[in-house]
Every structure is written in C-alpha cells, then in structure tokens.
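Everything below concerns the one structure shown next.
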Amino acid sequence: MYREPLKNKILINPRCEASVSSAFQKKKQMKTITNFWNHFQQNNFVFLLLNEIPKSELKTHFDKLIEILHQYNKDLDLIIKNKKSCAELIITANGNPYLFKEVELLVHHAPVVERWKITAFLQPETNLT
C-alpha cells in the first residue's frame, strides 16, 4: 500500500481549529464593544442635552448608538435617563436570561464618562406607587 508523503500537507487538529474560530469570535466581539464605547464617549454630550436638541437630530444620534449596540448583539437595548447633574445609560437584555452575560461583559468594559452612570440591567424602582 502506497501512502503520500506528508511534507506538503498541513494537518489541522479539529480542536485547534475550533480554538482559532473561538479566538476570532472573541476578537470580533471585543472590537464591537470598543466601537460602541468609543461612539458613546464621542457623542455622549448629545444625550446629556436631550431637552435642548431638536428631536430629529436626537433620533439620528440615538438610532446610530442602537445600530452600533446591535452590531454587538441585536437583542440588547439601551435606556437613557437624564437628570440635571448626571445621566444614566442602562444596557438591558429585556429580561432574557440568556443575554445576561452579554450585558455584563459590555458594561464591564464601559469607560468612565464624566457625568454618566453606566448600569447593567434596568433596576427595580423603589417607589412603585
């Protein structure tokens, strides 16, 4: 029985191939997280001035932020609460427990942005009446 020599053949271990694919996915995921936070840092002032900016311009900025968030995960959403001295950006999984880790990872990598509080998940209100 004749066997071809292996000198020009590359053997790939299936486990190694899966590991490379997983590493690529993690790198892509980190890139989308970084893109989201970079965009938010560069445009956060728009959301601080919610009441002073024309609604059409505000919608444009909000839609862009959502679009970039959905590049990370299409099932996540965000809520912005604006107060006089500061604002809060809430990343939510809309109650889907399968997405909790995605929310936690995104918020874990959040930069410190002056006058902003970044929160994972919509917190229950203390005053329910």
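For the structure tokens, the naming scheme is as follows: chains receive sequential letters (A, B, ...) according to their order of presentation, residues are indexed from 1 within each chain, and ligands are indexed from 1 in presentation order.
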*Asn94 (chain A): which residues within 9 Å, counting only C-alpha atoms, same-chain residues fewer than 6 positions away excluded, as a list in words?*
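In the requested form, the answer reads Asp75, Leu76, Asp77, Phe121 and Leu122 of chain A.
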Output C-alpha atoms for every residue in the selection just made, as a PDB file, in the first residue's frame.
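Below is the file out.pdb, written as the result:
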```pdb
ATOM      1  CA  ASP A  75     -31.253  41.586  21.092  1.00  0.00           C
ATOM      2  CA  LEU A  76     -29.885  44.134  23.562  1.00  0.00           C
ATOM      3  CA  ASP A  77     -31.370  47.563  24.110  1.00  0.00           C
ATOM      4  CA  PHE A 121     -29.971  45.913  33.555  1.00  0.00           C
ATOM      5  CA  LEU A 122     -32.968  48.026  34.375  1.00  0.00           C
TER       6      LEU A 122
END
```
*Can you list, as a ChimeraX atom specification, every residue of chain A that DSSP puts in strand (DSSP E or B)?*
/A:77-82,87-92,116-120
Go ahead and save the picked residues with N, CA, C and O atoms, as a PDB file, in the first residue's frame.
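Produced file selection.pdb, reproduced below:
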```
ATOM      1  N   ASP A  77     -30.843  46.210  24.274  1.00  0.00           N
ATOM      2  CA  ASP A  77     -31.370  47.563  24.110  1.00  0.00           C
ATOM      3  C   ASP A  77     -30.723  48.468  25.141  1.00  0.00           C
ATOM      4  O   ASP A  77     -30.021  48.011  26.046  1.00  0.00           O
ATOM      5  N   LEU A  78     -31.010  49.754  25.009  1.00  0.00           N
ATOM      6  CA  LEU A  78     -30.493  50.702  25.975  1.00  0.00           C
ATOM      7  C   LEU A  78     -31.565  51.698  26.354  1.00  0.00           C
ATOM      8  O   LEU A  78     -32.509  51.937  25.604  1.00  0.00           O
ATOM      9  N   ILE A  79     -31.407  52.233  27.530  1.00  0.00           N
ATOM     10  CA  ILE A  79     -32.314  53.246  28.071  1.00  0.00           C
ATOM     11  C   ILE A  79     -31.440  54.375  28.586  1.00  0.00           C
ATOM     12  O   ILE A  79     -30.404  54.124  29.223  1.00  0.00           O
ATOM     13  N   ILE A  80     -31.846  55.597  28.317  1.00  0.00           N
ATOM     14  CA  ILE A  80     -31.113  56.745  28.826  1.00  0.00           C
ATOM     15  C   ILE A  80     -32.035  57.509  29.764  1.00  0.00           C
ATOM     16  O   ILE A  80     -33.154  57.861  29.397  1.00  0.00           O
ATOM     17  N   LYS A  81     -31.557  57.715  30.989  1.00  0.00           N
ATOM     18  CA  LYS A  81     -32.272  58.525  31.972  1.00  0.00           C
ATOM     19  C   LYS A  81     -31.432  59.771  32.194  1.00  0.00           C
ATOM     20  O   LYS A  81     -30.248  59.675  32.509  1.00  0.00           O
ATOM     21  N   ASN A  82     -32.055  60.901  32.023  1.00  0.00           N
ATOM     22  CA  ASN A  82     -31.324  62.155  32.119  1.00  0.00           C
ATOM     23  C   ASN A  82     -31.807  62.950  33.320  1.00  0.00           C
ATOM     24  O   ASN A  82     -32.998  63.189  33.467  1.00  0.00           O
ATOM     25  N   ALA A  87     -26.446  61.735  34.046  1.00  0.00           N
ATOM     26  CA  ALA A  87     -27.337  60.892  33.253  1.00  0.00           C
ATOM     27  C   ALA A  87     -26.945  59.437  33.479  1.00  0.00           C
ATOM     28  O   ALA A  87     -25.854  59.146  33.974  1.00  0.00           O
ATOM     29  N   GLU A  88     -27.851  58.553  33.104  1.00  0.00           N
ATOM     30  CA  GLU A  88     -27.595  57.123  33.269  1.00  0.00           C
ATOM     31  C   GLU A  88     -27.874  56.404  31.958  1.00  0.00           C
ATOM     32  O   GLU A  88     -28.911  56.623  31.333  1.00  0.00           O
ATOM     33  N   LEU A  89     -26.925  55.565  31.568  1.00  0.00           N
ATOM     34  CA  LEU A  89     -27.092  54.700  30.406  1.00  0.00           C
ATOM     35  C   LEU A  89     -27.296  53.289  30.936  1.00  0.00           C
ATOM     36  O   LEU A  89     -26.446  52.760  31.650  1.00  0.00           O
ATOM     37  N   ILE A  90     -28.434  52.727  30.615  1.00  0.00           N
ATOM     38  CA  ILE A  90     -28.769  51.376  31.074  1.00  0.00           C
ATOM     39  C   ILE A  90     -28.740  50.441  29.877  1.00  0.00           C
ATOM     40  O   ILE A  90     -29.415  50.687  28.873  1.00  0.00           O
ATOM     41  N   ILE A  91     -27.969  49.382  29.988  1.00  0.00           N
ATOM     42  CA  ILE A  91     -27.936  48.341  28.958  1.00  0.00           C
ATOM     43  C   ILE A  91     -28.844  47.224  29.463  1.00  0.00           C
ATOM     44  O   ILE A  91     -28.686  46.748  30.585  1.00  0.00           O
ATOM     45  N   THR A  92     -29.802  46.824  28.655  1.00  0.00           N
ATOM     46  CA  THR A  92     -30.777  45.835  29.092  1.00  0.00           C
ATOM     47  C   THR A  92     -30.875  44.656  28.129  1.00  0.00           C
ATOM     48  O   THR A  92     -30.706  44.818  26.921  1.00  0.00           O
ATOM     49  N   TRP A 116     -21.826  60.556  33.708  1.00  0.00           N
ATOM     50  CA  TRP A 116     -22.615  59.399  33.314  1.00  0.00           C
ATOM     51  C   TRP A 116     -22.439  58.258  34.294  1.00  0.00           C
ATOM     52  O   TRP A 116     -21.341  57.989  34.773  1.00  0.00           O
ATOM     53  N   LYS A 117     -23.527  57.562  34.535  1.00  0.00           N
ATOM     54  CA  LYS A 117     -23.520  56.303  35.269  1.00  0.00           C
ATOM     55  C   LYS A 117     -23.920  55.225  34.279  1.00  0.00           C
ATOM     56  O   LYS A 117     -24.947  55.341  33.609  1.00  0.00           O
ATOM     57  N   ILE A 118     -23.108  54.195  34.164  1.00  0.00           N
ATOM     58  CA  ILE A 118     -23.385  53.086  33.244  1.00  0.00           C
ATOM     59  C   ILE A 118     -23.897  51.920  34.082  1.00  0.00           C
ATOM     60  O   ILE A 118     -23.234  51.485  35.021  1.00  0.00           O
ATOM     61  N   THR A 119     -25.068  51.398  33.730  1.00  0.00           N
ATOM     62  CA  THR A 119     -25.720  50.362  34.533  1.00  0.00           C
ATOM     63  C   THR A 119     -26.076  49.158  33.672  1.00  0.00           C
ATOM     64  O   THR A 119     -26.564  49.314  32.557  1.00  0.00           O
ATOM     65  N   ALA A 120     -25.821  47.979  34.237  1.00  0.00           N
ATOM     66  CA  ALA A 120     -26.271  46.738  33.599  1.00  0.00           C
ATOM     67  C   ALA A 120     -27.660  46.433  34.127  1.00  0.00           C
ATOM     68  O   ALA A 120     -27.855  46.374  35.343  1.00  0.00           O
TER      69      ALA A 120
END
```
*Just list the residues in region 4-123 of chain A DSSP gives alpha helix (DSSP H) on the backbone, as an MDAnalysis selection string.*
chainID A and resid 14:48 55:72 100:108
With only C-alpha atoms as the counted atoms, please give the residues lying no more than 10 Å from Thr34 (chain A), apart from itself and same-chain residues fewer than 3 positions off, as an mmCIF file with C-alpha atoms, in the first residue's frame.
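Generated file (around.cif):
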```
data_model
loop_
_atom_site.group_PDB
_atom_site.id
_atom_site.type_symbol
_atom_site.label_atom_id
_atom_site.label_comp_id
_atom_site.auth_asym_id
_atom_site.auth_seq_id
_atom_site.Cartn_x
_atom_site.Cartn_y
_atom_site.Cartn_z
ATOM 1 C CA LYS A 28 -14.586 40.446 16.826
ATOM 2 C CA GLN A 29 -16.728 40.754 19.954
ATOM 3 C CA MET A 30 -14.149 42.985 21.651
ATOM 4 C CA LYS A 31 -13.958 45.156 18.536
ATOM 5 C CA TRP A 37 -17.977 52.678 23.815
ATOM 6 C CA ASN A 38 -15.880 54.872 21.516
ATOM 7 C CA HIS A 39 -19.016 56.128 19.798
ATOM 8 C CA PHE A 40 -20.742 56.715 23.115
ATOM 9 C CA TYR A 72 -22.520 43.614 19.311
ATOM 10 C CA LEU A 106 -20.437 45.141 27.719
ATOM 11 C CA HIS A 109 -15.744 47.263 29.528
ATOM 12 C CA ALA A 110 -17.513 50.605 29.871
ATOM 13 C CA PRO A 111 -15.178 53.571 30.177
#
```
*Measure the distance from CA of Glu104 (chain A) to CA of Lys64 (chain A) in Å and round it to one decimal.*
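Those two atoms sit 21.5 Å apart.
The interatomic distance for the pair CA of Ile68 (chain A) and CA of Lys84 (chain A) works out to 26.6 Å.
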*asked:* Please compute the CA of Asn96 (chain A)-CA of Lys83 (chain A) distance, one decimal, in Å.
replied: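 Between CA of Asn96 (chain A) and CA of Lys83 (chain A) the gap is 27.7 Å.
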*Leaving out Leu49 (chain A) and any residue of its chain fewer than 3 positions from it, which residues lie within 12 Å of it when counting only C-alpha atoms, given as a list in words?*
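Returned residues: Asn43, Asn44, Phe45, Val46, Glu52, Ile53, Pro54, Lys55, Glu57, Leu58, His61, Ile80, Lys81, Asn82, Lys83, Lys84, Ser85, Cys86, Ala87 and Arg115 of chain A.
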Take the residues from that selection and put them in a file with N, CA, C and O atoms, as a short mmCIF file (atom, residue, chain, number, x, y, z; two decimals), in the first residue's frame.
```
data_model
loop_
_atom_site.label_atom_id
_atom_site.label_comp_id
_atom_site.auth_asym_id
_atom_site.auth_seq_id
_atom_site.Cartn_x
_atom_site.Cartn_y
_atom_site.Cartn_z
N ASN A 43 -20.02 60.98 21.58
CA ASN A 43 -21.33 61.60 21.36
C ASN A 43 -22.18 61.70 22.62
O ASN A 43 -23.36 62.07 22.53
N ASN A 44 -21.62 61.42 23.78
CA ASN A 44 -22.43 61.39 25.00
C ASN A 44 -23.07 62.74 25.31
O ASN A 44 -24.15 62.79 25.88
N PHE A 45 -22.44 63.83 24.91
CA PHE A 45 -22.98 65.16 25.21
C PHE A 45 -24.36 65.37 24.59
O PHE A 45 -25.19 66.09 25.13
N VAL A 46 -24.60 64.73 23.45
CA VAL A 46 -25.90 64.85 22.79
C VAL A 46 -27.00 64.34 23.72
O VAL A 46 -28.06 64.96 23.85
N GLU A 52 -32.60 70.00 24.83
CA GLU A 52 -32.14 71.19 24.12
C GLU A 52 -31.81 70.93 22.65
O GLU A 52 -31.45 71.85 21.92
N ILE A 53 -31.90 69.69 22.23
CA ILE A 53 -31.54 69.32 20.86
C ILE A 53 -32.82 68.98 20.10
O ILE A 53 -33.72 68.34 20.64
N PRO A 54 -32.91 69.40 18.83
CA PRO A 54 -34.10 69.04 18.04
C PRO A 54 -34.31 67.52 18.01
O PRO A 54 -33.35 66.75 17.93
N LYS A 55 -35.57 67.12 18.10
CA LYS A 55 -35.90 65.68 18.16
C LYS A 55 -35.35 64.90 16.97
O LYS A 55 -34.93 63.77 17.11
N GLU A 57 -32.60 65.46 15.26
CA GLU A 57 -31.16 65.26 15.46
C GLU A 57 -30.91 64.23 16.55
O GLU A 57 -30.04 63.36 16.43
N LEU A 58 -31.69 64.32 17.61
CA LEU A 58 -31.57 63.37 18.71
C LEU A 58 -31.87 61.95 18.23
O LEU A 58 -31.16 61.00 18.56
N HIS A 61 -28.91 60.46 16.36
CA HIS A 61 -27.84 60.00 17.26
C HIS A 61 -28.24 58.74 18.01
O HIS A 61 -27.43 57.83 18.17
N ILE A 80 -31.85 55.60 28.32
CA ILE A 80 -31.11 56.75 28.83
C ILE A 80 -32.03 57.51 29.76
O ILE A 80 -33.15 57.86 29.40
N LYS A 81 -31.56 57.72 30.99
CA LYS A 81 -32.27 58.53 31.97
C LYS A 81 -31.43 59.77 32.19
O LYS A 81 -30.25 59.67 32.51
N ASN A 82 -32.05 60.90 32.02
CA ASN A 82 -31.32 62.16 32.12
C ASN A 82 -31.81 62.95 33.32
O ASN A 82 -33.00 63.19 33.47
N LYS A 83 -30.86 63.35 34.16
CA LYS A 83 -31.16 64.20 35.30
C LYS A 83 -30.35 65.48 35.14
O LYS A 83 -29.52 65.58 34.24
N LYS A 84 -30.58 66.44 36.00
CA LYS A 84 -29.90 67.73 35.85
C LYS A 84 -28.39 67.62 35.99
O LYS A 84 -27.65 68.19 35.21
N SER A 85 -27.91 66.89 36.98
CA SER A 85 -26.48 66.84 37.24
C SER A 85 -25.76 65.68 36.54
O SER A 85 -24.56 65.73 36.34
N CYS A 86 -26.50 64.64 36.20
CA CYS A 86 -25.87 63.49 35.56
C CYS A 86 -26.92 62.71 34.76
O CYS A 86 -28.10 63.01 34.81
N ALA A 87 -26.45 61.74 34.05
CA ALA A 87 -27.34 60.89 33.25
C ALA A 87 -26.95 59.44 33.48
O ALA A 87 -25.85 59.15 33.97
N ARG A 115 -20.06 62.62 34.19
CA ARG A 115 -21.49 62.90 34.33
C ARG A 115 -22.39 61.74 33.90
O ARG A 115 -23.59 61.91 33.74
#
```
